[in-house]
Amino acid sequence: MAEQVTIGRIGEYVDQVVSIKGWLYNRRDKGRLQFLLVRDGTGTIQAVAFKRDLEPAAWEAAAQVTQESSLVVTGIVRADDRAPGGYELGITDLEIVQMAGEYPIALKSHGVDFLMENRHLWLRAPSQWAVLRVRATVIRAVRNWLDDHDFMLVDAPILTPAACEGTTTLFETEYFGEKAYLSQSGQLYNEAAMEAFGKVYCFGPAFRAEKSKTRRHLIEFWMVEPEMAYVDLEGCMEVEEQLVAHIAQEVLAHCRPELEILERDVSKLEAITAPFPRISYDDALKILAEAGEPLDWGEDFGAPHETVLGNHFDRPVFVHRYPAQCKAFYMAEDPVDPKLSLSVDLLAPEGYGEIIGGGQRAHDLALLERRIAEHKLPQEAFAWYLDLRRYGSVPHSGFGLGIERTVAWMCGVHHIRETIPFPRTMGRIYP
Ligand code: 4AD
Ligand code: MG
């Protein structure tokens with residue numbers, strides 16, 4: 001019996017006979033010779049069947065196996081520079097596990113609607129394989145960095161009694177006769193955990209009923225949210241830039257084949273090193289005006305503004321101190337100018353826009369009560385949150401990093417719908 005191995009580790013088995021359990025991605029039929037591109041989830045390898053080397057039944061199987069059939073191929077591993085990936089399998093046996101019917105995603109280009117309708121199958125395509133492998137690497141990098149820097153994971157609830165990020169994008173549901181909402185952010189619960197554990201993070205899905213069909217918006221997305229006691233706005237930016245630089249380094253270190261499939265310009269990722277430039281909202285307005293994309297003071301950036309600002313720098317840029325009026329209720333006031341908030345967004349280059357939102361939180365009870373009233377939020381639902389300012393309130397900061405926008409930027413893919421296995425967008429909840 002040949003040893004069963006994965007394509008990802010095939011280099012450890014040169015000149016040995018091994019078995020690979022996988023699927024047929026593609027084939028070239030040359031009569032007495034079949035070139036089968038076999039994938040197993042960890043990679044793809046060219047497997048070559050010579051009629052004279054195989055038993056008749058195995059040869060028949062090799063000559064007839066269809067695209068995306070599941071199969072087990074056995075053969076000898078050869079190092080070959082000309083082969084894609086550097087190795088080739090000389091087939092000695094082949095067994096079909098299930099012969100696939102005509103595969104809907106033929107090897108030609110399809111429209112994105114068709115591909116999304118077949119998302120359950122499209123996941124197997126090399127580009128999607130590569131993007132989702134980068135996603136797994138980004139998530140691993142985030143968690144490892146936070147765990148290694150003494151942040152404690154504290155899970156936040158998904159069903160919540162109140163809004164965190166404004167009431168216009170809430171998903172409402174019924175909760176035993178009361179109203180409940182799908183979480184927009186774990187932040188408020190994180191702030192309670194911060195007073196219990198110091199440095200914490202939550203990582204989970206967030207839901208926003210955004211009526212915007214842009215390439216940067218999903219209805220359901222994943223966010224990692226660190227929260228830190230006794231950390232101010234400047235300290236918050238330092239953590240953000242270290243985390244983001246670490247993500248880029250890990251993607252460069254572990255995802256070379258994936259970046260190659262995606263034809264990603266890796267020099268763009270190599271440029272992501274701390275420190276990142278820091279500009280104020282007021283500075284940003286000047287850059288926007290000069291670039292012919294003017295914005296009135298007090299307005300929040302739209303996609304075109306984020307694109308201009310992101311492209312102005314070769315690495316991500318912090319924009320801090322937005323007018324309080326365009327930010328959430330929980331932002332701290334700038335002591336120098338109370339019209340400003342101690343907020344900060346991190347904007348990615350290359351048109352990927354805001355990937356992090358956060359800043360220093362209001363830790364004064366009176367200010368927070370005033371803000372909740374100004375934002376017309378229900379006081380009762382926030383009673384527990386206000387307790388955090390009554391019992392041991394401290395200056396603190398935190399932020400939320402959107403996983404999908406980060407993955408889109410790492411991969412250089414245009415639309416974030418490809419960066420999550422099963423995207424939820426305004427027009428689609430199937431499959
Ligand atoms: O700026 P946002 O709304 O910040 C918060 O939710 C804070 N409560 C986080 C915190 O301080 N703990 O969202 C944070 C990030 C954005 O920068 C963006 O990357 C991502 O979450 N994001 C989205 N990603 C995809 N689709 C959407 N609809 C998104 N909305 C926000
Ligand atoms: Mg934001």
# chains A, B, ... in the order shown; residues from 1 in each chain; ligands from 1
call {"tool": "closest_atom_pairs", "arguments": {"of": "chain A", "to": "ligand 1", "cutoff": "8 Å", "atoms": "only C-alpha atoms and all ligand atoms", "output": "Markdown table"}}
result
| residue | atom | partner | partner_atom_place_in_ligand_line | distance |
| --- | --- | --- | --- | --- |
| A:Cys164 | CA | ligand 1 | 8 (N) | 6.5 |
| A:Glu165 | CA | ligand 1 | 6 (O) | 6.0 |
| A:Gln184 | CA | ligand 1 | 6 (O) | 6.4 |
| A:Ser185 | CA | ligand 1 | 6 (O) | 4.8 |
| A:Gly186 | CA | ligand 1 | 12 (N) | 6.6 |
| A:Gln187 | CA | ligand 1 | 12 (N) | 4.4 |
| A:Leu188 | CA | ligand 1 | 8 (N) | 7.7 |
| A:Asn190 | CA | ligand 1 | 12 (N) | 7.8 |
| A:Phe207 | CA | ligand 1 | 28 (N) | 7.5 |
| A:Arg208 | CA | ligand 1 | 28 (N) | 5.8 |
| A:Ala209 | CA | ligand 1 | 28 (N) | 7.8 |
| A:Glu210 | CA | ligand 1 | 28 (N) | 6.2 |
| A:Arg216 | CA | ligand 1 | 25 (C) | 5.8 |
| A:His217 | CA | ligand 1 | 26 (N) | 3.6 |
| A:Leu218 | CA | ligand 1 | 26 (N) | 3.8 |
| A:Ile219 | CA | ligand 1 | 28 (N) | 5.5 |
| A:Glu220 | CA | ligand 1 | 26 (N) | 6.8 |
| A:Phe221 | CA | ligand 1 | 25 (C) | 5.3 |
| A:Trp222 | CA | ligand 1 | 24 (N) | 7.3 |
| A:Met223 | CA | ligand 1 | 21 (O) | 5.8 |
| A:Val224 | CA | ligand 1 | 12 (N) | 7.7 |
| A:Glu225 | CA | ligand 1 | 12 (N) | 4.7 |
| A:Pro226 | CA | ligand 1 | 12 (N) | 6.6 |
| A:Glu227 | CA | ligand 1 | 12 (N) | 7.0 |
| A:Asp345 | CA | ligand 1 | 17 (O) | 6.8 |
| A:Leu346 | CA | ligand 1 | 17 (O) | 7.3 |
| A:Glu354 | CA | ligand 1 | 17 (O) | 4.9 |
| A:Ile355 | CA | ligand 1 | 19 (O) | 3.5 |
| A:Ile356 | CA | ligand 1 | 17 (O) | 3.5 |
| A:Gly357 | CA | ligand 1 | 1 (O) | 3.7 |
| A:Gly358 | CA | ligand 1 | 11 (O) | 3.8 |
| A:Gly359 | CA | ligand 1 | 11 (O) | 6.5 |
| A:Ser397 | CA | ligand 1 | 11 (O) | 7.9 |
| A:Gly398 | CA | ligand 1 | 11 (O) | 5.1 |
| A:Phe399 | CA | ligand 1 | 11 (O) | 3.4 |
| A:Gly400 | CA | ligand 1 | 9 (C) | 3.7 |
| A:Leu401 | CA | ligand 1 | 15 (C) | 4.9 |
| A:Gly402 | CA | ligand 1 | 19 (O) | 3.3 |
| A:Ile403 | CA | ligand 1 | 19 (O) | 6.7 |
| A:Glu404 | CA | ligand 1 | 25 (C) | 6.2 |
| A:Arg405 | CA | ligand 1 | 19 (O) | 5.6 |
| A:Thr406 | CA | ligand 1 | 19 (O) | 7.2 |
| A:Ile416 | CA | ligand 1 | 25 (C) | 7.6 |
call {"tool": "residues_around", "arguments": {"residues": "A:Gln98", "least_positions_apart": "2", "cutoff": "12 Å", "atoms": "only C-alpha atoms", "output": "ChimeraX atom specification"}}
result
/A:21-24,61,65-72,95-96,100-101
call {"tool": "write_last_selection", "arguments": {"atoms": "N, CA and C atoms", "output": "short mmCIF file (atom, residue, chain, number, x, y, z; two decimals), in the first residue's frame"}}
result
data_model
loop_
_atom_site.label_atom_id
_atom_site.label_comp_id
_atom_site.auth_asym_id
_atom_site.auth_seq_id
_atom_site.Cartn_x
_atom_site.Cartn_y
_atom_site.Cartn_z
N LYS A 21 -5.60 11.60 -2.36
CA LYS A 21 -7.07 11.56 -2.44
C LYS A 21 -7.57 12.95 -2.76
N GLY A 22 -8.26 13.11 -3.89
CA GLY A 22 -8.68 14.47 -4.23
C GLY A 22 -9.74 14.49 -5.30
N TRP A 23 -9.60 15.47 -6.19
CA TRP A 23 -10.59 15.72 -7.24
C TRP A 23 -9.85 16.06 -8.54
N LEU A 24 -10.51 15.79 -9.66
CA LEU A 24 -9.89 16.17 -10.93
C LEU A 24 -10.24 17.63 -11.24
N ALA A 61 -10.22 4.32 -16.44
CA ALA A 61 -10.66 5.34 -15.49
C ALA A 61 -9.94 6.66 -15.78
N VAL A 65 -12.29 9.87 -16.65
CA VAL A 65 -12.67 10.65 -15.46
C VAL A 65 -13.01 12.10 -15.86
N THR A 66 -14.09 12.61 -15.31
CA THR A 66 -14.59 13.94 -15.70
C THR A 66 -14.16 15.01 -14.69
N GLN A 67 -14.28 16.26 -15.13
CA GLN A 67 -13.92 17.40 -14.28
C GLN A 67 -14.68 17.33 -12.95
N GLU A 68 -13.95 17.49 -11.85
CA GLU A 68 -14.47 17.51 -10.48
C GLU A 68 -14.93 16.15 -9.96
N SER A 69 -14.64 15.06 -10.69
CA SER A 69 -14.84 13.73 -10.11
C SER A 69 -13.89 13.58 -8.94
N SER A 70 -14.32 12.84 -7.92
CA SER A 70 -13.42 12.55 -6.81
C SER A 70 -12.65 11.28 -7.14
N LEU A 71 -11.38 11.24 -6.76
CA LEU A 71 -10.55 10.11 -7.17
C LEU A 71 -9.37 9.91 -6.22
N VAL A 72 -8.77 8.72 -6.34
CA VAL A 72 -7.53 8.44 -5.63
C VAL A 72 -6.49 8.09 -6.69
N GLU A 95 -8.22 5.31 -9.11
CA GLU A 95 -9.53 4.78 -8.74
C GLU A 95 -10.49 5.96 -8.64
N ILE A 96 -11.64 5.84 -9.31
CA ILE A 96 -12.64 6.91 -9.24
C ILE A 96 -13.54 6.66 -8.05
N ALA A 100 -18.23 12.53 -11.58
CA ALA A 100 -19.08 13.73 -11.56
C ALA A 100 -19.84 13.88 -12.86
N GLY A 101 -21.07 14.37 -12.76
CA GLY A 101 -21.82 14.75 -13.96
C GLY A 101 -21.22 16.01 -14.55
#
call {"tool": "residues_around", "arguments": {"residues": "A:Thr167", "least_positions_apart": "3", "cutoff": "12 Å", "atoms": "only C-alpha atoms", "output": "PDB file with N, CA, C and O atoms, in the first residue's frame"}}
result
ATOM      1  N   PRO A 161     -29.733  43.728  22.942  1.00  0.00           N
ATOM      2  CA  PRO A 161     -30.941  44.535  23.143  1.00  0.00           C
ATOM      3  C   PRO A 161     -30.849  45.950  22.576  1.00  0.00           C
ATOM      4  O   PRO A 161     -31.836  46.681  22.641  1.00  0.00           O
ATOM      5  N   ALA A 162     -29.676  46.374  22.067  1.00  0.00           N
ATOM      6  CA  ALA A 162     -29.537  47.771  21.637  1.00  0.00           C
ATOM      7  C   ALA A 162     -28.490  47.912  20.533  1.00  0.00           C
ATOM      8  O   ALA A 162     -27.706  47.009  20.275  1.00  0.00           O
ATOM      9  N   ALA A 163     -28.465  49.089  19.911  1.00  0.00           N
ATOM     10  CA  ALA A 163     -27.540  49.375  18.820  1.00  0.00           C
ATOM     11  C   ALA A 163     -26.181  49.796  19.358  1.00  0.00           C
ATOM     12  O   ALA A 163     -26.086  50.405  20.411  1.00  0.00           O
ATOM     13  N   CYS A 164     -25.126  49.478  18.610  1.00  0.00           N
ATOM     14  CA  CYS A 164     -23.792  50.001  18.932  1.00  0.00           C
ATOM     15  C   CYS A 164     -23.383  51.033  17.899  1.00  0.00           C
ATOM     16  O   CYS A 164     -22.820  52.058  18.224  1.00  0.00           O
ATOM     17  N   LEU A 170     -29.710  48.337  11.771  1.00  0.00           N
ATOM     18  CA  LEU A 170     -29.997  47.221  12.686  1.00  0.00           C
ATOM     19  C   LEU A 170     -30.815  46.123  12.019  1.00  0.00           C
ATOM     20  O   LEU A 170     -31.773  46.397  11.306  1.00  0.00           O
ATOM     21  N   PHE A 171     -30.472  44.890  12.308  1.00  0.00           N
ATOM     22  CA  PHE A 171     -31.294  43.750  11.937  1.00  0.00           C
ATOM     23  C   PHE A 171     -32.133  43.382  13.147  1.00  0.00           C
ATOM     24  O   PHE A 171     -31.610  42.992  14.182  1.00  0.00           O
ATOM     25  N   GLU A 172     -33.435  43.497  12.988  1.00  0.00           N
ATOM     26  CA  GLU A 172     -34.299  43.274  14.141  1.00  0.00           C
ATOM     27  C   GLU A 172     -34.832  41.848  14.134  1.00  0.00           C
ATOM     28  O   GLU A 172     -35.093  41.281  13.077  1.00  0.00           O
ATOM     29  N   TYR A 181     -31.699  42.575  18.468  1.00  0.00           N
ATOM     30  CA  TYR A 181     -30.990  42.962  17.246  1.00  0.00           C
ATOM     31  C   TYR A 181     -29.746  42.091  17.096  1.00  0.00           C
ATOM     32  O   TYR A 181     -29.108  41.736  18.090  1.00  0.00           O
ATOM     33  N   LEU A 182     -29.414  41.777  15.849  1.00  0.00           N
ATOM     34  CA  LEU A 182     -28.148  41.076  15.611  1.00  0.00           C
ATOM     35  C   LEU A 182     -27.012  42.072  15.845  1.00  0.00           C
ATOM     36  O   LEU A 182     -27.102  43.230  15.457  1.00  0.00           O
ATOM     37  N   SER A 183     -25.957  41.601  16.452  1.00  0.00           N
ATOM     38  CA  SER A 183     -24.861  42.481  16.865  1.00  0.00           C
ATOM     39  C   SER A 183     -24.214  43.208  15.683  1.00  0.00           C
ATOM     40  O   SER A 183     -23.871  42.595  14.676  1.00  0.00           O
ATOM     41  N   GLN A 184     -24.029  44.513  15.836  1.00  0.00           N
ATOM     42  CA  GLN A 184     -23.268  45.302  14.844  1.00  0.00           C
ATOM     43  C   GLN A 184     -21.799  45.337  15.221  1.00  0.00           C
ATOM     44  O   GLN A 184     -20.939  45.686  14.411  1.00  0.00           O
ATOM     45  N   ARG A 208     -24.907  44.189   9.549  1.00  0.00           N
ATOM     46  CA  ARG A 208     -25.356  45.560   9.268  1.00  0.00           C
ATOM     47  C   ARG A 208     -26.290  45.521   8.072  1.00  0.00           C
ATOM     48  O   ARG A 208     -25.889  45.090   6.992  1.00  0.00           O
ATOM     49  N   ALA A 209     -27.492  45.998   8.292  1.00  0.00           N
ATOM     50  CA  ALA A 209     -28.459  46.060   7.195  1.00  0.00           C
ATOM     51  C   ALA A 209     -28.134  47.295   6.353  1.00  0.00           C
ATOM     52  O   ALA A 209     -28.920  48.227   6.284  1.00  0.00           O
ATOM     53  N   GLU A 210     -26.949  47.290   5.727  1.00  0.00           N
ATOM     54  CA  GLU A 210     -26.491  48.439   4.944  1.00  0.00           C
ATOM     55  C   GLU A 210     -27.183  48.429   3.586  1.00  0.00           C
ATOM     56  O   GLU A 210     -27.063  47.461   2.849  1.00  0.00           O
ATOM     57  N   ALA A 328     -19.721  57.700  16.234  1.00  0.00           N
ATOM     58  CA  ALA A 328     -20.659  57.053  17.148  1.00  0.00           C
ATOM     59  C   ALA A 328     -20.677  57.758  18.511  1.00  0.00           C
ATOM     60  O   ALA A 328     -19.791  58.551  18.839  1.00  0.00           O
ATOM     61  N   PHE A 329     -21.689  57.413  19.310  1.00  0.00           N
ATOM     62  CA  PHE A 329     -21.947  58.122  20.580  1.00  0.00           C
ATOM     63  C   PHE A 329     -20.856  57.913  21.628  1.00  0.00           C
ATOM     64  O   PHE A 329     -20.705  58.725  22.536  1.00  0.00           O
ATOM     65  N   HIS A 375     -28.017  61.170  20.775  1.00  0.00           N
ATOM     66  CA  HIS A 375     -28.189  60.186  19.698  1.00  0.00           C
ATOM     67  C   HIS A 375     -29.556  59.499  19.778  1.00  0.00           C
ATOM     68  O   HIS A 375     -29.816  58.559  19.029  1.00  0.00           O
ATOM     69  N   LYS A 376     -30.392  59.945  20.716  1.00  0.00           N
ATOM     70  CA  LYS A 376     -31.754  59.398  20.885  1.00  0.00           C
ATOM     71  C   LYS A 376     -31.726  57.880  21.059  1.00  0.00           C
ATOM     72  O   LYS A 376     -32.543  57.147  20.494  1.00  0.00           O
ATOM     73  N   LEU A 377     -30.770  57.406  21.848  1.00  0.00           N
ATOM     74  CA  LEU A 377     -30.694  55.974  22.133  1.00  0.00           C
ATOM     75  C   LEU A 377     -31.464  55.707  23.429  1.00  0.00           C
ATOM     76  O   LEU A 377     -31.537  56.584  24.288  1.00  0.00           O
ATOM     77  N   PRO A 378     -32.042  54.518  23.583  1.00  0.00           N
ATOM     78  CA  PRO A 378     -32.845  54.240  24.778  1.00  0.00           C
ATOM     79  C   PRO A 378     -31.972  54.102  26.030  1.00  0.00           C
ATOM     80  O   PRO A 378     -31.134  53.197  26.106  1.00  0.00           O
TER      81      PRO A 378
END
call {"tool": "closest_residue", "arguments": {"among": "A:Val336, A:Ala253, A:Ala79, A:Ala62", "to": "A:Met99", "atoms": "only C-alpha atoms"}}
result
A:Ala62
call {"tool": "closest_residue", "arguments": {"among": "A:Met237, A:Met410, A:Val77, A:Val344", "to": "ligand 2", "atoms": "only C-alpha atoms and all ligand atoms"}}
result
A:Val344
call {"tool": "select_by_dssp", "arguments": {"residues": "stretch 65-197 of chain A", "states": "helix (DSSP H, G or I)", "output": "ChimeraX atom specification"}}
result
/A:84-86,112-117,119-122,126-148,167-169,187-197
call {"tool": "residues_around", "arguments": {"residues": "A:Pro104", "least_positions_apart": "4", "cutoff": "12 Å", "atoms": "only C-alpha atoms", "output": "list in words"}}
result
Gln67, Glu68, Ala100, Lys108, Ser109, His110, Phe114, Leu115, Glu117, Asn118, Arg119, His120, Leu121 and Trp122 of chain A
call {"tool": "write_last_selection", "arguments": {"atoms": "all heavy atoms", "output": "compact mmCIF listing (two decimals), in the first residue's frame"}}
result
# COMPACT_ATOMS: atom_id res chain seq x y z
N GLN A 67 -14.28 16.26 -15.13
CA GLN A 67 -13.92 17.40 -14.28
C GLN A 67 -14.68 17.33 -12.95
O GLN A 67 -15.89 17.13 -12.94
CB GLN A 67 -14.27 18.71 -15.00
CG GLN A 67 -13.78 19.95 -14.29
CD GLN A 67 -14.37 21.23 -14.88
OE1 GLN A 67 -15.01 21.22 -15.93
NE2 GLN A 67 -14.16 22.34 -14.20
N GLU A 68 -13.95 17.49 -11.85
CA GLU A 68 -14.47 17.51 -10.48
C GLU A 68 -14.93 16.15 -9.96
O GLU A 68 -15.55 16.07 -8.90
CB GLU A 68 -15.54 18.58 -10.28
CG GLU A 68 -14.97 19.99 -10.26
CD GLU A 68 -13.84 20.23 -9.26
OE1 GLU A 68 -13.86 19.63 -8.16
OE2 GLU A 68 -12.90 20.99 -9.59
N ALA A 100 -18.23 12.53 -11.58
CA ALA A 100 -19.08 13.73 -11.56
C ALA A 100 -19.84 13.88 -12.86
O ALA A 100 -19.31 13.58 -13.94
CB ALA A 100 -18.22 14.96 -11.31
N LYS A 108 -13.91 28.07 -18.37
CA LYS A 108 -13.90 29.28 -19.21
C LYS A 108 -14.38 30.38 -18.29
O LYS A 108 -14.72 30.11 -17.14
CB LYS A 108 -14.85 29.10 -20.41
CG LYS A 108 -16.28 28.78 -19.95
CD LYS A 108 -17.28 28.96 -21.07
CE LYS A 108 -18.67 29.02 -20.46
NZ LYS A 108 -19.78 29.17 -21.26
N SER A 109 -14.43 31.62 -18.77
CA SER A 109 -14.84 32.65 -17.80
C SER A 109 -16.36 32.76 -17.75
O SER A 109 -17.07 32.60 -18.74
CB SER A 109 -14.18 33.99 -18.11
OG SER A 109 -14.40 34.32 -19.44
N HIS A 110 -16.85 32.98 -16.53
CA HIS A 110 -18.28 33.11 -16.28
C HIS A 110 -18.54 34.47 -15.64
O HIS A 110 -17.66 35.05 -15.02
CB HIS A 110 -18.75 32.04 -15.30
CG HIS A 110 -18.66 30.65 -15.83
ND1 HIS A 110 -19.63 30.08 -16.62
CD2 HIS A 110 -17.71 29.69 -15.67
CE1 HIS A 110 -19.29 28.84 -16.93
NE2 HIS A 110 -18.11 28.58 -16.37
N PHE A 114 -23.45 34.36 -12.03
CA PHE A 114 -23.48 32.90 -12.20
C PHE A 114 -22.56 32.23 -11.18
O PHE A 114 -22.93 31.24 -10.54
CB PHE A 114 -23.05 32.55 -13.63
CG PHE A 114 -22.93 31.08 -13.86
CD1 PHE A 114 -24.05 30.31 -14.16
CD2 PHE A 114 -21.69 30.45 -13.76
CE1 PHE A 114 -23.94 28.95 -14.36
CE2 PHE A 114 -21.57 29.08 -13.95
CZ PHE A 114 -22.70 28.33 -14.26
N LEU A 115 -21.39 32.80 -11.00
CA LEU A 115 -20.43 32.21 -10.06
C LEU A 115 -20.96 32.28 -8.63
O LEU A 115 -20.83 31.34 -7.85
CB LEU A 115 -19.07 32.90 -10.18
CG LEU A 115 -18.35 32.62 -11.51
CD1 LEU A 115 -17.14 33.53 -11.66
CD2 LEU A 115 -17.95 31.16 -11.60
N GLU A 117 -24.11 32.39 -7.74
CA GLU A 117 -25.22 31.44 -7.64
C GLU A 117 -24.68 30.03 -7.39
O GLU A 117 -25.34 29.19 -6.78
CB GLU A 117 -26.01 31.49 -8.97
CG GLU A 117 -27.34 30.79 -8.97
CD GLU A 117 -28.42 31.52 -8.17
OE1 GLU A 117 -28.19 32.68 -7.75
OE2 GLU A 117 -29.48 30.91 -7.93
N ASN A 118 -23.46 29.80 -7.86
CA ASN A 118 -22.80 28.50 -7.68
C ASN A 118 -21.63 28.60 -6.71
O ASN A 118 -20.63 27.90 -6.86
CB ASN A 118 -22.32 27.97 -9.03
CG ASN A 118 -23.47 27.52 -9.88
OD1 ASN A 118 -24.05 26.46 -9.64
ND2 ASN A 118 -23.86 28.35 -10.85
N ARG A 119 -21.78 29.47 -5.73
CA ARG A 119 -20.69 29.72 -4.79
C ARG A 119 -20.21 28.42 -4.13
O ARG A 119 -19.03 28.25 -3.85
CB ARG A 119 -21.16 30.70 -3.71
CG ARG A 119 -20.09 31.08 -2.68
CD ARG A 119 -18.92 31.79 -3.32
NE ARG A 119 -17.97 32.30 -2.33
CZ ARG A 119 -16.75 32.73 -2.62
NH1 ARG A 119 -16.33 32.73 -3.88
NH2 ARG A 119 -15.96 33.18 -1.67
N HIS A 120 -21.15 27.51 -3.86
CA HIS A 120 -20.80 26.23 -3.21
C HIS A 120 -19.83 25.42 -4.05
O HIS A 120 -19.11 24.59 -3.53
CB HIS A 120 -22.07 25.44 -2.91
CG HIS A 120 -22.98 25.29 -4.10
ND1 HIS A 120 -23.57 26.37 -4.73
CD2 HIS A 120 -23.37 24.20 -4.79
CE1 HIS A 120 -24.30 25.92 -5.75
NE2 HIS A 120 -24.18 24.62 -5.81
N LEU A 121 -19.82 25.64 -5.36
CA LEU A 121 -18.87 24.96 -6.24
C LEU A 121 -17.68 25.86 -6.58
O LEU A 121 -16.55 25.39 -6.73
CB LEU A 121 -19.57 24.52 -7.54
CG LEU A 121 -20.79 23.62 -7.37
CD1 LEU A 121 -21.43 23.32 -8.73
CD2 LEU A 121 -20.41 22.31 -6.68
N TRP A 122 -17.96 27.15 -6.70
CA TRP A 122 -16.92 28.12 -7.10
C TRP A 122 -15.77 28.12 -6.10
O TRP A 122 -14.63 28.42 -6.44
CB TRP A 122 -17.55 29.51 -7.23
CG TRP A 122 -16.66 30.54 -7.86
CD1 TRP A 122 -15.67 30.32 -8.77
CD2 TRP A 122 -16.69 31.96 -7.61
NE1 TRP A 122 -15.08 31.51 -9.12
CE2 TRP A 122 -15.69 32.53 -8.42
CE3 TRP A 122 -17.46 32.79 -6.81
CZ2 TRP A 122 -15.44 33.91 -8.44
CZ3 TRP A 122 -17.23 34.16 -6.83
CH2 TRP A 122 -16.23 34.71 -7.63
call {"tool": "atom_distance", "arguments": {"atom1": "atom CA of A:Glu293", "atom2": "atom CA of A:Ser212"}}
result
20.5 Å
call {"tool": "residues_around", "arguments": {"residues": "A:Pro316", "least_positions_apart": "5", "cutoff": "10 Å", "atoms": "only C-alpha atoms", "output": "MDAnalysis selection string"}}
result
chainID A and resid 241 244:245 271:278 309:311 346:350 352:355
call {"tool": "residues_around", "arguments": {"residues": "A:Ala284", "least_positions_apart": "4", "cutoff": "12 Å", "atoms": "only C-alpha atoms", "output": "PyMOL selection string"}}
result
chain A and resi 277-280+288-291+293-297+299-301+305-310+312-313+317-322+345+347
call {"tool": "atom_distance", "arguments": {"atom1": "atom CA of A:Val251", "atom2": "atom CA of A:Gly235"}}
result
24.9 Å
call {"tool": "residues_around", "arguments": {"residues": "A:Val231", "least_positions_apart": "2", "cutoff": "7 Å", "atoms": "only C-alpha atoms", "output": "PyMOL selection string"}}
result
chain A and resi 228-229+233+235-236+395-397
call {"tool": "write_last_selection", "arguments": {"atoms": "N, CA, C and O atoms", "output": "PDB file, in the first residue's frame"}}
result
ATOM      1  N   MET A 228      -8.573  48.095  25.242  1.00  0.00           N
ATOM      2  CA  MET A 228      -7.425  48.181  26.154  1.00  0.00           C
ATOM      3  C   MET A 228      -7.635  49.232  27.239  1.00  0.00           C
ATOM      4  O   MET A 228      -7.874  50.413  26.937  1.00  0.00           O
ATOM      5  N   ALA A 229      -7.493  48.812  28.498  1.00  0.00           N
ATOM      6  CA  ALA A 229      -7.587  49.746  29.627  1.00  0.00           C
ATOM      7  C   ALA A 229      -6.329  50.608  29.688  1.00  0.00           C
ATOM      8  O   ALA A 229      -5.229  50.146  29.350  1.00  0.00           O
ATOM      9  N   LEU A 233      -5.422  57.489  22.665  1.00  0.00           N
ATOM     10  CA  LEU A 233      -5.530  57.442  21.204  1.00  0.00           C
ATOM     11  C   LEU A 233      -4.198  57.069  20.548  1.00  0.00           C
ATOM     12  O   LEU A 233      -4.144  56.243  19.629  1.00  0.00           O
ATOM     13  N   GLY A 235      -1.646  55.440  21.857  1.00  0.00           N
ATOM     14  CA  GLY A 235      -1.345  54.032  22.147  1.00  0.00           C
ATOM     15  C   GLY A 235      -2.173  53.094  21.283  1.00  0.00           C
ATOM     16  O   GLY A 235      -1.706  52.040  20.842  1.00  0.00           O
ATOM     17  N   CYS A 236      -3.390  53.491  21.010  1.00  0.00           N
ATOM     18  CA  CYS A 236      -4.289  52.687  20.172  1.00  0.00           C
ATOM     19  C   CYS A 236      -3.718  52.566  18.751  1.00  0.00           C
ATOM     20  O   CYS A 236      -3.665  51.486  18.168  1.00  0.00           O
ATOM     21  N   PRO A 395      -9.544  55.766  31.421  1.00  0.00           N
ATOM     22  CA  PRO A 395      -9.338  56.072  29.995  1.00  0.00           C
ATOM     23  C   PRO A 395      -9.067  54.743  29.278  1.00  0.00           C
ATOM     24  O   PRO A 395      -8.313  53.915  29.788  1.00  0.00           O
ATOM     25  N   HIS A 396      -9.678  54.551  28.133  1.00  0.00           N
ATOM     26  CA  HIS A 396      -9.438  53.290  27.407  1.00  0.00           C
ATOM     27  C   HIS A 396      -9.736  53.485  25.931  1.00  0.00           C
ATOM     28  O   HIS A 396     -10.434  54.426  25.541  1.00  0.00           O
ATOM     29  N   SER A 397      -9.181  52.578  25.142  1.00  0.00           N
ATOM     30  CA  SER A 397      -9.296  52.677  23.687  1.00  0.00           C
ATOM     31  C   SER A 397      -9.485  51.303  23.097  1.00  0.00           C
ATOM     32  O   SER A 397      -9.161  50.294  23.719  1.00  0.00           O
TER      33      SER A 397
END
call {"tool": "closest_residue", "arguments": {"among": "A:Ile10, A:Cys326, A:Ala63, A:Ala180", "to": "ligand 2", "atoms": "only C-alpha atoms and all ligand atoms"}}
result
A:Cys326
call {"tool": "closest_residue", "arguments": {"among": "A:Ser393, A:Thr160, A:Thr137, A:Gln128", "to": "A:Leu262", "atoms": "only C-alpha atoms"}}
result
A:Gln128
call {"tool": "atom_distance", "arguments": {"atom1": "atom CA of A:Gly41", "atom2": "atom CA of A:Ala136"}}
result
13.5 Å
call {"tool": "decode", "arguments": {"residues": "stretch 248-263 of chain A", "atoms": "C-alpha atoms", "output": "compact mmCIF listing (two decimals), in the first residue's frame"}}
result
# COMPACT_ATOMS: atom_id res chain seq x y z
CA ALA A 248 1.12 41.57 6.01
CA GLN A 249 4.33 39.82 7.10
CA GLU A 250 2.51 36.58 7.84
CA VAL A 251 0.72 36.63 4.49
CA LEU A 252 4.06 37.20 2.74
CA ALA A 253 5.69 34.42 4.77
CA HIS A 254 2.99 31.76 4.32
CA CYS A 255 0.97 32.54 1.18
CA ARG A 256 3.46 32.84 -1.70
CA PRO A 257 1.69 30.28 -3.95
CA GLU A 258 -1.67 31.92 -3.23
CA LEU A 259 -0.35 35.42 -4.00
CA GLU A 260 1.13 34.06 -7.22
CA ILE A 261 -2.21 32.60 -8.32
CA LEU A 262 -3.83 35.96 -7.58
CA GLU A 263 -1.02 37.79 -9.45
